[in-house]
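**Student:** Structure provided below as structure tokens; questions to follow.
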Amino acid sequence: MRTFATGPGYGGLVVYGAAAKEPFFAALDAYMTPGGGSNDPKSAINPASTLQLVNGEWTPGFLNVYMYADEDPNPRALQNFTAIPAENVVFGGAALHDSWVSISSSLAGMATQEDRTLFWAITFKADRRAIDIVAKAFYAGASNELKHVEGLSMVISFQPLTKPFLEASKRQGANIMGLDPDEDGRHFAGILFPTWKLARDDEAVYSFTRKAAAAMEEQLRKLDLFNPYIYINDGAKGQRPFDSYAHGVHVARLQEIQAKYDPDGFLRDHFQHGFELAPVGSPRRQHAEL
């Protein structure tokens, strides 16, 4: 097994209130701007906006798990986030840690295994117009259509696709994703991430999220802000991530492997959900969509 050593790091989980909206997105924009913090390969962020239904009232918020893989208590790459006024922080904070692994693990404290969860992947440019389109479709739509859903929480995660990250992927991993560091290096591999309490609401949440994502894509395409890449870890049932990797050039090879080792589609049909490999219009694809 190939391993690598870990070392000290700076960072942590920080949760912000609604008043942090403008400084939060200003910091995110500064981080993603060419020459900003995203150019430093030692830095990493996992920012998100949130909307929760609490006692019948919608409550917005923001959070970020950021870290710097070095023993620097004031890393320049993260200075726009660390400069957000303390009065906007409602939970958490950043500090030096003996190992940066403990920083990335802190996000687990925000999750619960009791909730029902959906991930839906959507990629778009690191542009405030794109953020506004995604947030409006997801949050305003949920406010109108999912009021009845018990324990509903809506999260949009903005996972950066940075130039250093894509360059390293291309250099060390043969660029299986097919992403170009120059063309795709200032994008977010976004996640639409609703959680809720009861199984009876599964279909309502899934249908809404699928419809909201389609509306986002339509608007983003009009402004050339959409990217068809689907991050497979965060894809939902019905999405086709394999087609988005390198414009689908790997699909034929994957179909050959599937035909050889799983000709009856057992893995596809008996996982929680598998991603369809059969081409559009094939009998297998049509059966899967029924």
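Simple scheme: letters A, B, ... for chains in structure tokens order, numbers from 1 for residues in each chain, numbers from 1 for ligands in the order shown.
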Name the residues in contact with Ala135 in chain A at a cut-off of 12 Å, using only C-alpha atoms, excluding same-chain residues fewer than 2 positions from it; report them as an MDAnalysis selection string.
**Tutor:** chainID A and resid 48:51 60 128:133 137:143 154:158 190:193 212:213 215:216
**Student:** Neighbours of Thr162 in chain A within 8 Å (only C-alpha atoms; same-chain residues fewer than 6 positions away dropped), as a PyMOL selection string?
**Tutor:** chain A and resi 32+38-39+181+184-187
**Student:** Export all heavy atoms of the chosen residues as a PDB file, in the first residue's frame?
**Tutor:**
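See selection24.pdb below for the written result:
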ATOM      1  N   MET A  32     -10.350  32.075  -5.015  1.00  0.00           N
ATOM      2  CA  MET A  32     -10.389  31.434  -6.328  1.00  0.00           C
ATOM      3  C   MET A  32      -9.815  32.303  -7.438  1.00  0.00           C
ATOM      4  O   MET A  32      -9.554  31.815  -8.549  1.00  0.00           O
ATOM      5  CB  MET A  32     -11.828  31.053  -6.675  1.00  0.00           C
ATOM      6  CG  MET A  32     -12.425  30.009  -5.746  1.00  0.00           C
ATOM      7  SD  MET A  32     -11.574  28.412  -5.804  1.00  0.00           S
ATOM      8  CE  MET A  32     -11.965  27.856  -7.467  1.00  0.00           C
ATOM      9  N   SER A  38      -5.961  29.852  -3.790  1.00  0.00           N
ATOM     10  CA  SER A  38      -6.069  28.551  -4.453  1.00  0.00           C
ATOM     11  C   SER A  38      -4.808  28.180  -5.217  1.00  0.00           C
ATOM     12  O   SER A  38      -4.625  27.009  -5.584  1.00  0.00           O
ATOM     13  CB  SER A  38      -7.275  28.534  -5.406  1.00  0.00           C
ATOM     14  OG  SER A  38      -7.108  29.486  -6.446  1.00  0.00           O
ATOM     15  N   ASN A  39      -3.935  29.145  -5.487  1.00  0.00           N
ATOM     16  CA  ASN A  39      -2.671  28.855  -6.172  1.00  0.00           C
ATOM     17  C   ASN A  39      -1.651  28.186  -5.260  1.00  0.00           C
ATOM     18  O   ASN A  39      -0.652  27.656  -5.737  1.00  0.00           O
ATOM     19  CB  ASN A  39      -2.055  30.146  -6.739  1.00  0.00           C
ATOM     20  CG  ASN A  39      -2.679  30.533  -8.057  1.00  0.00           C
ATOM     21  OD1 ASN A  39      -3.807  30.139  -8.362  1.00  0.00           O
ATOM     22  ND2 ASN A  39      -1.970  31.320  -8.840  1.00  0.00           N
ATOM     23  N   PRO A 181      -6.343  22.048 -16.757  1.00  0.00           N
ATOM     24  CA  PRO A 181      -6.023  22.979 -15.668  1.00  0.00           C
ATOM     25  C   PRO A 181      -6.316  24.438 -15.999  1.00  0.00           C
ATOM     26  O   PRO A 181      -6.732  25.201 -15.124  1.00  0.00           O
ATOM     27  CB  PRO A 181      -4.526  22.758 -15.437  1.00  0.00           C
ATOM     28  CG  PRO A 181      -4.287  21.358 -15.884  1.00  0.00           C
ATOM     29  CD  PRO A 181      -5.207  21.155 -17.059  1.00  0.00           C
ATOM     30  N   ASP A 184     -10.522  24.545 -16.783  1.00  0.00           N
ATOM     31  CA  ASP A 184     -11.419  24.096 -15.723  1.00  0.00           C
ATOM     32  C   ASP A 184     -10.915  24.432 -14.326  1.00  0.00           C
ATOM     33  O   ASP A 184     -11.546  24.054 -13.332  1.00  0.00           O
ATOM     34  CB  ASP A 184     -11.614  22.580 -15.830  1.00  0.00           C
ATOM     35  CG  ASP A 184     -12.155  22.159 -17.188  1.00  0.00           C
ATOM     36  OD1 ASP A 184     -13.188  22.701 -17.592  1.00  0.00           O
ATOM     37  OD2 ASP A 184     -11.531  21.299 -17.844  1.00  0.00           O
ATOM     38  N   GLY A 185      -9.801  25.143 -14.245  1.00  0.00           N
ATOM     39  CA  GLY A 185      -9.152  25.368 -12.964  1.00  0.00           C
ATOM     40  C   GLY A 185      -9.800  26.375 -12.044  1.00  0.00           C
ATOM     41  O   GLY A 185      -9.387  26.504 -10.894  1.00  0.00           O
ATOM     42  N   ARG A 186     -10.794  27.107 -12.482  1.00  0.00           N
ATOM     43  CA  ARG A 186     -11.512  28.047 -11.609  1.00  0.00           C
ATOM     44  C   ARG A 186     -12.997  27.691 -11.611  1.00  0.00           C
ATOM     45  O   ARG A 186     -13.846  28.471 -12.000  1.00  0.00           O
ATOM     46  CB  ARG A 186     -11.298  29.490 -12.051  1.00  0.00           C
ATOM     47  CG  ARG A 186      -9.905  30.041 -11.778  1.00  0.00           C
ATOM     48  CD  ARG A 186      -9.864  31.555 -11.930  1.00  0.00           C
ATOM     49  NE  ARG A 186     -10.673  32.209 -10.896  1.00  0.00           N
ATOM     50  CZ  ARG A 186     -11.709  33.018 -11.149  1.00  0.00           C
ATOM     51  NH1 ARG A 186     -12.074  33.274 -12.380  1.00  0.00           N
ATOM     52  NH2 ARG A 186     -12.378  33.565 -10.156  1.00  0.00           N
ATOM     53  N   HIS A 187     -13.287  26.483 -11.184  1.00  0.00           N
ATOM     54  CA  HIS A 187     -14.657  25.996 -11.103  1.00  0.00           C
ATOM     55  C   HIS A 187     -14.923  25.423  -9.717  1.00  0.00           C
ATOM     56  O   HIS A 187     -14.002  25.128  -8.964  1.00  0.00           O
ATOM     57  CB  HIS A 187     -14.910  24.906 -12.156  1.00  0.00           C
ATOM     58  CG  HIS A 187     -15.096  25.420 -13.544  1.00  0.00           C
ATOM     59  ND1 HIS A 187     -14.053  25.932 -14.286  1.00  0.00           N
ATOM     60  CD2 HIS A 187     -16.199  25.509 -14.327  1.00  0.00           C
ATOM     61  CE1 HIS A 187     -14.507  26.307 -15.481  1.00  0.00           C
ATOM     62  NE2 HIS A 187     -15.804  26.054 -15.521  1.00  0.00           N
TER      63      HIS A 187
END
**Student:** For CA of Thr33 in chain A and CA of Ala214 in chain A, quote the distance in Å rounded to one decimal.
**Tutor:**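 That distance, rounded to one decimal, is 27.3 Å.
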**Student:** Run DSSP on the backbone of this structure and report the residues of range 110-258 of chain A it assigns to helix (DSSP H, G or I), as a PyMOL selection string.
**Tutor:** chain A and resi 110+128-145+163-172+181-184+199-222+232-234+241-248+251-258
**Student:** Report, in Å to a single decimal, how far apart CA of Gly7 in chain A and CA of Asp180 in chain A are.
**Tutor:**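 Computing the Euclidean distance for CA of Asp180 in chain A and CA of Gly7 in chain A yields 29.9 Å.
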**Student:** Counting only C-alpha atoms, which residue out of A:Asn227, A:Ser43, A:Gln255, A:Thr209 sits closest to Phe119 in chain A?
**Tutor:**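 Under the stated criterion, the closest residue is A:Thr209.
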**Student:** Enter the distance from CA of Lys211 in chain A to CA of Arg116 in chain A, in Å, rounded to one decimal.
**Tutor:**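 We find that CA of Lys211 in chain A and CA of Arg116 in chain A lie 19.0 Å from each other.
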**Student:** Counting only C-alpha atoms, figure out which residue out of A:Glu203, A:Tyr231, A:Asp127, A:Ala77 gets nearest to Phe25 in chain A.
**Tutor:** A:Asp127
**Student:** May I have all residues of range 22-82 of chain A that DSSP, computed from the backbone, assigns to strand (DSSP E or B), given as a ChimeraX atom specification?
**Tutor:** /A:43-54,57-68
**Student:** Please identify all polymer residues within 10 Å of Tyr206 in chain A, counting only C-alpha atoms, omitting same-chain residues fewer than 6 positions from it, and present them as a list in words.
**Tutor:**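 Residues meeting the cut-off are Thr117, Leu118, Phe119, Trp120, Pro194, Ala212, Ala236 and Lys237 of chain A.
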**Student:** Restricting the output to C-alpha atoms, write the selected residues as a compact mmCIF listing (two decimals), in the first residue's frame.
**Tutor:**
# COMPACT_ATOMS: atom_id res chain seq x y z
CA THR A 117 -29.33 12.37 2.67
CA LEU A 118 -29.05 13.16 -1.03
CA PHE A 119 -26.01 14.38 -2.96
CA TRP A 120 -26.46 15.91 -6.41
CA PRO A 194 -30.44 18.19 1.29
CA ALA A 212 -33.80 22.54 -9.44
CA ALA A 236 -27.10 11.09 -7.72
CA LYS A 237 -29.27 8.39 -9.23
**Student:** Using only C-alpha atoms, can you tell me which of A:Glu57, A:Arg76, A:Ser169, A:Gly248 comes closest to Ala30 in chain A?
**Tutor:**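 Smallest distance to Ala30 in chain A is found for A:Arg76.
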**Student:** Would you mind listing what lies within 12 Å of Ser99 in chain A as a PyMOL selection string, with only C-alpha atoms counted and same-chain residues fewer than 4 positions away left out?
**Tutor:** chain A and resi 5-12+67-71+95+103-105
**Student:** Counting only C-alpha atoms, which residue out of A:Ala86, A:Ala19, A:Leu223, A:Ala27 sits closest to Phe124 in chain A?
**Tutor:**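 Looking only at the distances to Phe124 in chain A, the closest residue turns out to be A:Leu223.
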**Student:** Using only C-alpha atoms, which of the listed residues (A:Pro241, A:Gly61, A:Pro85, A:Pro41) sits closest to Tyr16 in chain A?
**Tutor:**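 For Tyr16 in chain A, the nearest of the candidates is A:Gly61.
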